[in-house]
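Data block for query_38.cif (mmCIF, C-alpha atoms (C1' of nucleotides)):
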```cif
data_target
#
loop_
_atom_site.group_PDB
_atom_site.id
_atom_site.type_symbol
_atom_site.label_atom_id
_atom_site.label_comp_id
_atom_site.auth_asym_id
_atom_site.auth_seq_id
_atom_site.Cartn_x
_atom_site.Cartn_y
_atom_site.Cartn_z
ATOM 1 C CA MET A 994 46.824 -131.080 10.279
ATOM 2 C CA PHE A 995 43.134 -131.188 10.119
ATOM 3 C CA ASP A 996 40.846 -132.538 7.806
ATOM 4 C CA PRO A 997 40.592 -135.592 9.969
ATOM 5 C CA VAL A 998 36.890 -136.101 9.933
ATOM 6 C CA CYS A 999 35.454 -133.768 7.365
ATOM 7 C CA PRO A 1000 37.419 -133.533 4.144
ATOM 8 C CA SER A 1001 36.141 -130.438 2.454
ATOM 9 C CA GLY A 1002 32.933 -130.384 4.408
ATOM 10 C CA ALA A 1003 31.446 -133.656 3.213
ATOM 11 C CA MET A 1004 31.170 -134.263 6.922
ATOM 12 C CA PRO A 1005 28.691 -137.034 7.536
ATOM 13 C CA ILE A 1006 29.891 -137.244 11.120
ATOM 14 C CA GLN A 1007 29.976 -134.592 13.768
ATOM 15 C CA ILE A 1008 30.882 -134.611 17.414
ATOM 16 C CA GLY A 1009 29.477 -131.786 19.462
ATOM 17 C CA ASP A 1010 29.725 -128.428 17.785
ATOM 18 C CA LYS A 1011 31.516 -127.767 14.557
ATOM 19 C CA TRP A 1012 34.954 -127.429 16.124
ATOM 20 C CA THR A 1013 34.672 -129.753 19.137
ATOM 21 C CA ALA A 1014 36.335 -132.768 17.560
ATOM 22 C CA MET A 1015 39.237 -130.690 16.314
ATOM 23 C CA VAL A 1016 39.750 -129.156 19.729
ATOM 24 C CA VAL A 1017 39.828 -132.609 21.265
ATOM 25 C CA LEU A 1018 42.439 -133.730 18.759
ATOM 26 C CA CYS A 1019 44.388 -130.555 19.332
ATOM 27 C CA LEU A 1020 44.520 -131.243 23.063
ATOM 28 C CA GLU A 1021 45.261 -134.927 22.655
ATOM 29 C CA ASP A 1022 48.958 -134.589 23.481
ATOM 30 C CA GLY A 1023 48.598 -132.359 26.494
ATOM 31 C CA PRO A 1024 47.354 -128.962 27.644
ATOM 32 C CA ARG A 1025 47.447 -126.044 25.270
ATOM 33 C CA ARG A 1026 46.890 -122.330 25.447
ATOM 34 C CA PHE A 1027 44.103 -120.477 23.763
ATOM 35 C CA SER A 1028 46.321 -119.090 21.058
ATOM 36 C CA GLU A 1029 47.965 -122.474 20.504
ATOM 37 C CA ILE A 1030 44.569 -123.950 19.749
ATOM 38 C CA ARG A 1031 43.857 -121.162 17.315
ATOM 39 C CA VAL A 1032 46.852 -121.957 15.154
ATOM 40 C CA PRO A 1033 45.834 -125.309 13.696
ATOM 41 C CA LEU A 1034 42.217 -124.222 13.623
ATOM 42 C CA ARG A 1035 43.136 -121.059 11.846
ATOM 43 C CA ARG A 1036 39.738 -120.635 10.303
ATOM 44 C CA VAL A 1037 38.053 -120.195 13.649
ATOM 45 C CA THR A 1038 37.545 -116.755 15.125
ATOM 46 C CA PRO A 1039 38.229 -116.087 18.797
ATOM 47 C CA LYS A 1040 34.574 -115.659 19.521
ATOM 48 C CA VAL A 1041 33.632 -119.049 18.183
ATOM 49 C CA LEU A 1042 36.595 -120.735 19.824
ATOM 50 C CA THR A 1043 35.617 -119.193 23.139
ATOM 51 C CA GLN A 1044 32.071 -120.430 22.670
ATOM 52 C CA THR A 1045 33.311 -123.908 21.865
ATOM 53 C CA LEU A 1046 35.686 -124.060 24.811
ATOM 54 C CA ARG A 1047 33.088 -122.704 27.220
ATOM 55 C CA ALA A 1048 30.600 -125.314 26.083
ATOM 56 C CA MET A 1049 33.195 -128.050 26.424
ATOM 57 C CA GLU A 1050 34.109 -126.825 29.883
ATOM 58 C CA ARG A 1051 30.460 -126.797 30.869
ATOM 59 C CA ASP A 1052 30.120 -130.380 29.669
ATOM 60 C CA GLY A 1053 33.190 -131.500 31.591
ATOM 61 C CA LEU A 1054 35.259 -132.233 28.490
ATOM 62 C CA VAL A 1055 38.047 -129.790 29.238
ATOM 63 C CA THR A 1056 39.363 -127.875 32.210
ATOM 64 C CA ARG A 1057 40.341 -124.227 32.003
ATOM 65 C CA THR A 1058 43.217 -122.980 34.126
ATOM 66 C CA ALA A 1059 44.077 -119.278 34.208
ATOM 67 C CA TYR A 1060 47.470 -118.238 35.586
ATOM 68 C CA ALA A 1061 47.715 -114.792 37.177
ATOM 69 C CA GLU A 1062 50.766 -113.818 35.188
ATOM 70 C CA ILE A 1063 51.806 -110.964 33.007
ATOM 71 C CA PRO A 1064 51.043 -111.475 30.209
ATOM 72 C CA PRO A 1065 48.119 -113.670 31.186
ATOM 73 C CA ARG A 1066 48.165 -117.355 30.396
ATOM 74 C CA VAL A 1067 45.271 -119.768 30.119
ATOM 75 C CA GLU A 1068 45.593 -123.457 29.580
ATOM 76 C CA TYR A 1069 42.998 -125.916 28.422
ATOM 77 C CA GLU A 1070 43.329 -129.611 29.106
ATOM 78 C CA LEU A 1071 41.243 -132.638 28.285
ATOM 79 C CA THR A 1072 39.468 -134.365 31.132
ATOM 80 C CA ALA A 1073 39.039 -138.122 31.216
ATOM 81 C CA LEU A 1074 35.587 -137.560 29.762
ATOM 82 C CA GLY A 1075 36.970 -135.466 26.950
ATOM 83 C CA ARG A 1076 39.638 -138.053 26.337
ATOM 84 C CA SER A 1077 36.970 -140.717 26.023
ATOM 85 C CA LEU A 1078 35.786 -138.971 22.890
ATOM 86 C CA LEU A 1079 39.042 -139.900 21.191
ATOM 87 C CA THR A 1080 37.862 -143.469 20.653
ATOM 88 C CA LEU A 1081 34.758 -142.137 18.992
ATOM 89 C CA ILE A 1082 36.746 -139.777 16.820
ATOM 90 C CA ASP A 1083 38.997 -142.632 15.830
ATOM 91 C CA ALA A 1084 35.955 -144.670 14.859
ATOM 92 C CA ALA A 1085 34.751 -141.770 12.740
ATOM 93 C CA ARG A 1086 38.130 -141.444 11.116
ATOM 94 C CA ALA A 1087 38.285 -145.132 10.412
ATOM 95 C CA TRP A 1088 34.863 -144.993 8.811
ATOM 96 C CA SER A 1089 35.883 -142.015 6.724
ATOM 97 C CA LYS A 1090 39.031 -143.706 5.594
ATOM 98 C CA ASP A 1091 37.166 -146.840 4.577
ATOM 99 C CA HIS A 1092 33.928 -145.450 3.208
ATOM 100 C CA LEU A 1093 34.086 -141.756 2.487
ATOM 101 C CA PRO A 1094 35.562 -142.242 -0.994
ATOM 102 C CA ALA A 1095 32.564 -144.382 -1.917
ATOM 103 C CA LEU A 1096 30.192 -141.760 -0.559
ATOM 104 C CA LEU A 1097 31.892 -138.978 -2.463
ATOM 105 C CA GLU A 1098 31.896 -141.043 -5.601
ATOM 106 C CA ALA A 1099 28.168 -141.697 -5.259
ATOM 107 C CA ARG A 1100 27.562 -138.021 -4.688
ATOM 108 C CA HIS A 1101 29.622 -137.097 -7.669
ATOM 109 C CA ALA A 1102 27.952 -139.642 -9.923
ATOM 110 C CA HIS A 1103 24.581 -138.308 -8.879
ATOM 111 C CA GLU A 1104 25.683 -134.789 -9.628
ATOM 112 C CA ALA A 1105 26.849 -135.803 -13.075
ATOM 113 C CA SER A 1106 23.464 -137.335 -13.854
ATOM 114 C CA LEU A 1107 21.692 -133.995 -13.743
ATOM 115 C CA MET B 3 11.995 -146.557 19.948
ATOM 116 C CA PHE B 4 14.333 -143.698 19.432
ATOM 117 C CA ASP B 5 16.347 -141.809 21.635
ATOM 118 C CA PRO B 6 19.244 -143.971 20.738
ATOM 119 C CA VAL B 7 21.880 -141.358 20.229
ATOM 120 C CA CYS B 8 20.448 -138.136 21.490
ATOM 121 C CA PRO B 9 18.551 -138.396 24.755
ATOM 122 C CA SER B 10 16.609 -135.206 24.939
ATOM 123 C CA GLY B 11 18.835 -133.361 22.553
ATOM 124 C CA ALA B 12 22.048 -133.467 24.552
ATOM 125 C CA MET B 13 23.364 -134.975 21.371
ATOM 126 C CA PRO B 14 27.134 -134.625 21.322
ATOM 127 C CA ILE B 15 27.235 -136.923 18.321
ATOM 128 C CA GLN B 16 25.612 -136.534 14.968
ATOM 129 C CA ILE B 17 25.740 -138.530 11.778
ATOM 130 C CA GLY B 18 24.745 -136.704 8.640
ATOM 131 C CA ASP B 19 21.662 -134.576 9.024
ATOM 132 C CA LYS B 20 19.477 -134.471 12.064
ATOM 133 C CA TRP B 21 17.452 -137.536 11.130
ATOM 134 C CA THR B 22 19.979 -139.591 9.167
ATOM 135 C CA ALA B 23 21.036 -141.878 12.002
ATOM 136 C CA MET B 24 17.436 -142.619 12.915
ATOM 137 C CA VAL B 25 16.582 -143.449 9.332
ATOM 138 C CA VAL B 26 19.514 -145.843 9.202
ATOM 139 C CA LEU B 27 18.340 -147.547 12.380
ATOM 140 C CA CYS B 28 14.815 -147.644 11.068
ATOM 141 C CA LEU B 29 15.963 -149.440 7.928
ATOM 142 C CA GLU B 30 18.292 -151.771 9.763
ATOM 143 C CA ASP B 31 15.960 -154.752 9.575
ATOM 144 C CA GLY B 32 15.032 -154.420 5.934
ATOM 145 C CA PRO B 33 13.341 -152.130 3.452
ATOM 146 C CA ARG B 34 10.574 -149.837 4.581
ATOM 147 C CA ARG B 35 8.064 -147.557 2.963
ATOM 148 C CA PHE B 36 8.013 -143.817 3.299
ATOM 149 C CA SER B 37 5.107 -143.840 5.694
ATOM 150 C CA GLU B 38 6.606 -146.667 7.715
ATOM 151 C CA ILE B 39 9.639 -144.531 8.339
ATOM 152 C CA ARG B 40 7.467 -141.646 9.411
ATOM 153 C CA VAL B 41 5.838 -143.598 12.197
ATOM 154 C CA PRO B 42 8.770 -143.992 14.589
ATOM 155 C CA LEU B 43 10.093 -140.590 13.608
ATOM 156 C CA ARG B 44 6.750 -139.045 14.228
ATOM 157 C CA ARG B 45 8.184 -135.607 14.850
ATOM 158 C CA VAL B 46 9.488 -135.287 11.315
ATOM 159 C CA THR B 47 7.405 -133.637 8.615
ATOM 160 C CA PRO B 48 7.161 -135.221 5.172
ATOM 161 C CA LYS B 49 9.149 -132.412 3.643
ATOM 162 C CA VAL B 50 12.102 -132.922 5.939
ATOM 163 C CA LEU B 51 11.951 -136.690 5.615
ATOM 164 C CA THR B 52 11.970 -136.351 1.849
ATOM 165 C CA GLN B 53 14.976 -134.061 2.046
ATOM 166 C CA THR B 54 16.783 -136.496 4.292
ATOM 167 C CA LEU B 55 16.035 -139.502 2.107
ATOM 168 C CA ARG B 56 16.991 -137.671 -1.080
ATOM 169 C CA ALA B 57 20.309 -136.656 0.443
ATOM 170 C CA MET B 58 20.935 -140.202 1.604
ATOM 171 C CA GLU B 59 20.084 -141.544 -1.815
ATOM 172 C CA ARG B 60 22.443 -139.050 -3.410
ATOM 173 C CA ASP B 61 25.209 -140.181 -1.084
ATOM 174 C CA GLY B 62 24.604 -143.835 -1.852
ATOM 175 C CA LEU B 63 23.334 -144.690 1.629
ATOM 176 C CA VAL B 64 19.883 -145.879 0.569
ATOM 177 C CA THR B 65 18.174 -147.001 -2.581
ATOM 178 C CA ARG B 66 14.717 -145.825 -3.553
ATOM 179 C CA THR B 67 12.435 -148.193 -5.410
ATOM 180 C CA ALA B 68 9.076 -147.003 -6.681
ATOM 181 C CA TYR B 69 6.493 -149.602 -7.673
ATOM 182 C CA ALA B 70 3.982 -148.608 -10.339
ATOM 183 C CA GLU B 71 1.001 -149.784 -8.349
ATOM 184 C CA ILE B 72 -2.252 -148.345 -7.187
ATOM 185 C CA PRO B 73 -1.927 -146.986 -4.609
ATOM 186 C CA PRO B 74 1.719 -146.187 -5.246
ATOM 187 C CA ARG B 75 4.398 -147.803 -3.150
ATOM 188 C CA VAL B 76 7.959 -146.690 -2.568
ATOM 189 C CA GLU B 77 10.528 -148.632 -0.640
ATOM 190 C CA TYR B 78 13.771 -147.451 0.842
ATOM 191 C CA GLU B 79 16.553 -149.865 1.597
ATOM 192 C CA LEU B 80 20.032 -149.488 3.054
ATOM 193 C CA THR B 81 22.952 -150.039 0.743
ATOM 194 C CA ALA B 82 26.147 -151.674 1.962
ATOM 195 C CA LEU B 83 27.517 -148.178 2.458
ATOM 196 C CA GLY B 84 24.525 -147.153 4.504
ATOM 197 C CA ARG B 85 24.792 -150.332 6.506
ATOM 198 C CA SER B 86 28.418 -149.538 7.268
ATOM 199 C CA LEU B 87 27.194 -146.570 9.282
ATOM 200 C CA LEU B 88 25.635 -148.979 11.762
ATOM 201 C CA THR B 89 29.015 -149.719 13.321
ATOM 202 C CA LEU B 90 29.551 -146.019 13.792
ATOM 203 C CA ILE B 91 26.116 -145.562 15.289
ATOM 204 C CA ASP B 92 26.800 -148.429 17.633
ATOM 205 C CA ALA B 93 30.039 -146.774 18.694
ATOM 206 C CA ALA B 94 28.123 -143.578 19.376
ATOM 207 C CA ARG B 95 25.519 -145.458 21.355
ATOM 208 C CA ALA B 96 28.187 -147.224 23.363
ATOM 209 C CA TRP B 97 29.841 -143.905 24.153
ATOM 210 C CA SER B 98 26.521 -142.407 25.160
ATOM 211 C CA LYS B 99 25.722 -145.324 27.385
ATOM 212 C CA ASP B 100 29.102 -145.119 29.114
ATOM 213 C CA HIS B 101 29.723 -141.416 29.262
ATOM 214 C CA LEU B 102 26.632 -139.356 28.618
ATOM 215 C CA PRO B 103 25.475 -139.492 32.240
ATOM 216 C CA ALA B 104 28.785 -137.946 33.306
ATOM 217 C CA LEU B 105 28.423 -135.250 30.676
ATOM 218 C CA LEU B 106 24.901 -134.445 31.727
ATOM 219 C CA GLU B 107 25.921 -134.378 35.342
ATOM 220 C CA ALA B 108 28.733 -131.950 34.576
ATOM 221 C CA ARG B 109 26.348 -129.781 32.621
ATOM 222 C CA HIS B 110 23.831 -129.831 35.392
ATOM 223 C CA ALA B 111 26.400 -129.042 38.055
ATOM 224 C CA HIS B 112 27.570 -126.102 36.001
ATOM 225 C CA GLU B 113 24.025 -124.883 35.593
ATOM 226 C CA ALA B 114 23.474 -125.059 39.328
ATOM 227 C CA SER B 115 26.559 -122.938 39.950
ATOM 228 C CA LEU B 116 25.052 -119.866 38.290
ATOM 229 C "C1'" DG C 734 53.036 -91.421 22.932
ATOM 230 C "C1'" DA C 735 52.488 -95.717 19.838
ATOM 231 C "C1'" DT C 736 52.443 -100.289 19.373
ATOM 232 C "C1'" DA C 737 51.977 -105.095 20.559
ATOM 233 C "C1'" DC C 738 50.908 -109.223 23.258
ATOM 234 C "C1'" DT C 739 47.352 -112.056 25.785
ATOM 235 C "C1'" DG C 740 42.658 -113.803 26.108
ATOM 236 C "C1'" DG C 741 39.028 -112.543 25.447
ATOM 237 C "C1'" DT C 742 33.992 -109.457 24.797
ATOM 238 C "C1'" DT C 743 30.309 -107.058 22.286
ATOM 239 C "C1'" DA C 744 27.285 -105.939 18.561
ATOM 240 C "C1'" DC C 745 25.708 -107.127 14.356
ATOM 241 C "C1'" DC C 746 24.676 -110.099 10.277
ATOM 242 C "C1'" DT C 747 23.740 -114.209 7.260
ATOM 243 C "C1'" DC C 748 22.309 -118.312 5.694
ATOM 244 C "C1'" DA C 749 20.878 -122.914 5.737
ATOM 245 C "C1'" DA C 750 18.282 -126.217 8.351
ATOM 246 C "C1'" DC C 751 14.254 -127.175 10.358
ATOM 247 C "C1'" DG C 752 9.320 -126.844 10.941
ATOM 248 C "C1'" DA C 753 4.001 -125.865 10.185
ATOM 249 C "C1'" DT C 754 0.371 -125.945 7.118
ATOM 250 C "C1'" DA C 755 -1.752 -126.724 3.109
ATOM 251 C "C1'" DC C 756 -2.143 -128.671 -1.437
ATOM 252 C "C1'" DT C 757 -1.435 -132.278 -5.352
ATOM 253 C "C1'" DT C 758 -1.982 -136.608 -8.320
ATOM 254 C "C1'" DC C 759 -3.723 -140.910 -9.342
ATOM 255 C "C1'" DG C 760 -6.760 -144.234 -9.514
ATOM 256 C "C1'" DC C 761 -10.159 -146.659 -6.190
ATOM 257 C "C1'" DT C 762 -14.275 -147.048 -3.534
ATOM 258 C "C1'" DA C 763 -18.780 -146.212 -1.422
ATOM 259 C "C1'" DT D 706 -19.412 -136.715 -5.898
ATOM 260 C "C1'" DA D 707 -17.112 -137.130 -2.247
ATOM 261 C "C1'" DG D 708 -13.572 -138.965 0.010
ATOM 262 C "C1'" DC D 709 -9.341 -142.076 0.767
ATOM 263 C "C1'" DG D 710 -4.540 -143.254 0.840
ATOM 264 C "C1'" DA D 711 0.160 -143.055 -0.788
ATOM 265 C "C1'" DA D 712 4.030 -140.243 -1.501
ATOM 266 C "C1'" DG D 713 5.205 -136.514 -1.811
ATOM 267 C "C1'" DT D 714 5.302 -130.538 -3.225
ATOM 268 C "C1'" DA D 715 4.728 -125.806 -2.335
ATOM 269 C "C1'" DT D 716 4.964 -121.895 0.460
ATOM 270 C "C1'" DC D 717 6.110 -119.512 4.254
ATOM 271 C "C1'" DG D 718 8.153 -118.647 8.708
ATOM 272 C "C1'" DT D 719 11.496 -119.252 12.485
ATOM 273 C "C1'" DT D 720 15.728 -120.101 14.692
ATOM 274 C "C1'" DG D 721 20.164 -120.413 15.893
ATOM 275 C "C1'" DA D 722 24.878 -121.761 14.841
ATOM 276 C "C1'" DG D 723 28.395 -119.692 13.011
ATOM 277 C "C1'" DG D 724 30.925 -115.705 10.933
ATOM 278 C "C1'" DT D 725 32.753 -110.505 10.634
ATOM 279 C "C1'" DA D 726 34.540 -106.607 12.679
ATOM 280 C "C1'" DA D 727 35.626 -103.850 16.253
ATOM 281 C "C1'" DC D 728 36.821 -103.166 20.895
ATOM 282 C "C1'" DC D 729 38.881 -103.907 25.856
ATOM 283 C "C1'" DA D 730 42.369 -104.248 29.981
ATOM 284 C "C1'" DG D 731 46.922 -104.387 31.673
ATOM 285 C "C1'" DT D 732 51.704 -104.227 30.881
ATOM 286 C "C1'" DA D 733 55.875 -103.529 28.511
ATOM 287 C "C1'" DT D 734 58.630 -102.331 25.087
ATOM 288 C "C1'" DC D 735 60.026 -99.154 21.151
#
```
Give the structure from the file, written as structure tokens.
Amino acid sequence: MFDPVCPSGAMPIQIGDKWTAMVVLCLEDGPRRFSEIRVPLRRVTPKVLTQTLRAMERDGLVTRTAYAEIPPRVEYELTALGRSLLTLIDAARAWSKDHLPALLEARHAHEASL
Amino acid sequence: MFDPVCPSGAMPIQIGDKWTAMVVLCLEDGPRRFSEIRVPLRRVTPKVLTQTLRAMERDGLVTRTAYAEIPPRVEYELTALGRSLLTLIDAARAWSKDHLPALLEARHAHEASL
DNA sequence: GATACTGGTTACCTCAACGATACTTCGCTA
DNA sequence: TAGCGAAGTATCGTTGAGGTAACCAGTATC
């Protein structure tokens, strides 16, 4: 999983913050817990993931549901608004698939000419 | 002209660097000179515009043509690759048109609840 | 006790992007 | 001889997103 949009950081396209698009994809198939989101995004620290999720909650992209259980459980789920980003992410992925090789080749050729 | 993608910096979508999408839109209708690009993007300093254009040239998104005239003239033009970003920008604009109000409303509602 | 699990928080740091201001080069012009 | 206009450079400063590391509360199990 995951280098859907930004293979190796070439990243000409970004949705929201650095991790927003990946969170959306991670929640595509249904609600997930905090620690379940951390797994595929294993390079993200809890602090940054919290920041990302809080910002997404603020913007109405996800809902946060805390269950008063022991041990505690928190689930994040995409809203309709968050789900609407999927079309955009797909467009970005389609572009990457079709055109990113050409971009990387151009970049590489330029590098070689130094 | 220009708050096509990021009304007032809400900007959940970004293509390349901060100004890349605007440069692409600015060049949509044909080649333009450095100072012609600066006009609609009047908040960008020459240094940053140069950086942006150099990066885009490196990535094969624009071509730079310098004419040995007095006074000098330089024209920037979209390549096919650069032009391919237009579809993506349109997708972003369509999303913004359809969904950004909801996002901003959610953000505002959240702000009010503090 | 000691440790671990969950879902965080807090303090601190770093680095690249962005920006403001000024200067340059080259002929041309008045 | 002073200035103009084009297309940048040079220098410095700021800012903020993102990263590191450590800590917390409550329970339960070893």
(request) Name all residues at most 12 Å from stretch 744-753 of chain C (count all atoms listed in the file; drop same-chain ones fewer than 6 positions away) and give them as a count of residues only. (result) 25
Determine the residue membership of the PyMOL selection byres ((chain C) within 12 of (chain A)) for the file above and supply it as a PDB file with C-alpha atoms (C1' of nucleotides), in the frame of the given file.
```
ATOM      1  C1'  DA C 737      51.977-105.095  20.559  1.00  0.00           C
ATOM      2  C1'  DC C 738      50.908-109.223  23.258  1.00  0.00           C
ATOM      3  C1'  DT C 739      47.352-112.056  25.785  1.00  0.00           C
ATOM      4  C1'  DG C 740      42.658-113.803  26.108  1.00  0.00           C
ATOM      5  C1'  DG C 741      39.028-112.543  25.447  1.00  0.00           C
ATOM      6  C1'  DT C 742      33.992-109.457  24.797  1.00  0.00           C
ATOM      7  C1'  DT C 743      30.309-107.058  22.286  1.00  0.00           C
TER       8       DT C 743
END
```
(request) Would you mind telling me which residue in A:Glu1062, A:Asp1022, A:Asp1091, A:Glu1029 lies nearest to chain D when using only C-alpha atoms (C1' of nucleotides)? (result) A:Glu1062
(request) Counting only C-alpha atoms (C1' of nucleotides), collect the residues of chain D whose closest atom lies at most 12 Å from chain B, and write them out as JSON, numbers by chain. (result) {"D": [709, 710, 711, 712, 713, 714, 715, 716]}
(request) Return as JSON, numbers by chain the set of residues that the PyMOL selection byres ((chain B) within 12 of (chain A)) yields on the displayed structure. (result) {"B": [7, 8, 11, 12, 13, 14, 15, 16, 17, 18, 19, 20, 21, 22, 23, 56, 57, 58, 59, 60, 61, 62, 63, 64, 65, 81, 82, 83, 84, 85, 86, 87, 88, 89, 90, 91, 92, 93, 94, 95, 96, 97, 98, 100, 101, 102, 103, 104, 105, 106, 107, 108, 109, 110, 111, 112, 113, 114, 115, 116]}
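As for atom CA of A:Glu1068 and atom CA of A:Val1032, they are spaced 14.6 Å apart.
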As AutoDock Vina command-line options, please: the centre and edge lengths in Å, to one decimal, of an axis-aligned box enclosing every listed atom of stretch 735-753 of chain C with 6 Å added on each side.
```
--center_x 28.2 --center_y -111.4 --center_z 15.9 --size_x 60.5 --size_y 43.5 --size_z 32.4
```
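In this model, the gap between atom CA of B:Cys28 and atom C1' of C:DT758 comes to 27.9 Å.
Here atom CA of B:Glu79 and atom CA of B:Leu29 stand 6.4 Å from one another.
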Since the input lacks some atoms of stretch 93-108 of chain B, please model N, CA and C atoms and print them as a PDB file, in the coordinates of the input.
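Generated output (rebuild.pdb):
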```pdb
ATOM      1  N   ALA B  93      28.963-147.382  17.905  1.00  0.00           N
ATOM      2  CA  ALA B  93      30.039-146.774  18.694  1.00  0.00           C
ATOM      3  C   ALA B  93      29.508-145.552  19.436  1.00  0.00           C
ATOM      4  N   ALA B  94      28.686-144.765  18.742  1.00  0.00           N
ATOM      5  CA  ALA B  94      28.123-143.578  19.376  1.00  0.00           C
ATOM      6  C   ALA B  94      27.202-143.961  20.523  1.00  0.00           C
ATOM      7  N   ARG B  95      26.410-145.025  20.294  1.00  0.00           N
ATOM      8  CA  ARG B  95      25.519-145.458  21.355  1.00  0.00           C
ATOM      9  C   ARG B  95      26.289-145.981  22.550  1.00  0.00           C
ATOM     10  N   ALA B  96      27.373-146.704  22.267  1.00  0.00           N
ATOM     11  CA  ALA B  96      28.187-147.224  23.363  1.00  0.00           C
ATOM     12  C   ALA B  96      28.784-146.070  24.160  1.00  0.00           C
ATOM     13  N   TRP B  97      29.267-145.059  23.456  1.00  0.00           N
ATOM     14  CA  TRP B  97      29.841-143.905  24.153  1.00  0.00           C
ATOM     15  C   TRP B  97      28.765-143.243  25.010  1.00  0.00           C
ATOM     16  N   SER B  98      27.600-143.063  24.426  1.00  0.00           N
ATOM     17  CA  SER B  98      26.521-142.407  25.160  1.00  0.00           C
ATOM     18  C   SER B  98      26.173-143.184  26.416  1.00  0.00           C
ATOM     19  N   LYS B  99      26.065-144.488  26.241  1.00  0.00           N
ATOM     20  CA  LYS B  99      25.722-145.324  27.385  1.00  0.00           C
ATOM     21  C   LYS B  99      26.761-145.176  28.496  1.00  0.00           C
ATOM     22  N   ASP B 100      28.033-145.144  28.110  1.00  0.00           N
ATOM     23  CA  ASP B 100      29.102-145.119  29.114  1.00  0.00           C
ATOM     24  C   ASP B 100      29.366-143.728  29.680  1.00  0.00           C
ATOM     25  N   HIS B 101      29.198-142.717  28.852  1.00  0.00           N
ATOM     26  CA  HIS B 101      29.723-141.416  29.262  1.00  0.00           C
ATOM     27  C   HIS B 101      28.704-140.288  29.294  1.00  0.00           C
ATOM     28  N   LEU B 102      27.567-140.469  28.653  1.00  0.00           N
ATOM     29  CA  LEU B 102      26.632-139.356  28.618  1.00  0.00           C
ATOM     30  C   LEU B 102      26.139-138.952  30.002  1.00  0.00           C
ATOM     31  N   PRO B 103      25.899-139.910  30.895  1.00  0.00           N
ATOM     32  CA  PRO B 103      25.475-139.492  32.240  1.00  0.00           C
ATOM     33  C   PRO B 103      26.471-138.537  32.878  1.00  0.00           C
ATOM     34  N   ALA B 104      27.765-138.827  32.733  1.00  0.00           N
ATOM     35  CA  ALA B 104      28.785-137.946  33.306  1.00  0.00           C
ATOM     36  C   ALA B 104      28.716-136.566  32.677  1.00  0.00           C
ATOM     37  N   LEU B 105      28.525-136.536  31.363  1.00  0.00           N
ATOM     38  CA  LEU B 105      28.423-135.250  30.676  1.00  0.00           C
ATOM     39  C   LEU B 105      27.226-134.464  31.181  1.00  0.00           C
ATOM     40  N   LEU B 106      26.103-135.140  31.278  1.00  0.00           N
ATOM     41  CA  LEU B 106      24.901-134.445  31.727  1.00  0.00           C
ATOM     42  C   LEU B 106      25.032-133.973  33.161  1.00  0.00           C
ATOM     43  N   GLU B 107      25.709-134.775  33.951  1.00  0.00           N
ATOM     44  CA  GLU B 107      25.921-134.378  35.342  1.00  0.00           C
ATOM     45  C   GLU B 107      26.790-133.127  35.404  1.00  0.00           C
ATOM     46  N   ALA B 108      27.856-133.125  34.615  1.00  0.00           N
ATOM     47  CA  ALA B 108      28.733-131.950  34.576  1.00  0.00           C
ATOM     48  C   ALA B 108      27.947-130.722  34.133  1.00  0.00           C
TER      49      ALA B 108
END
```
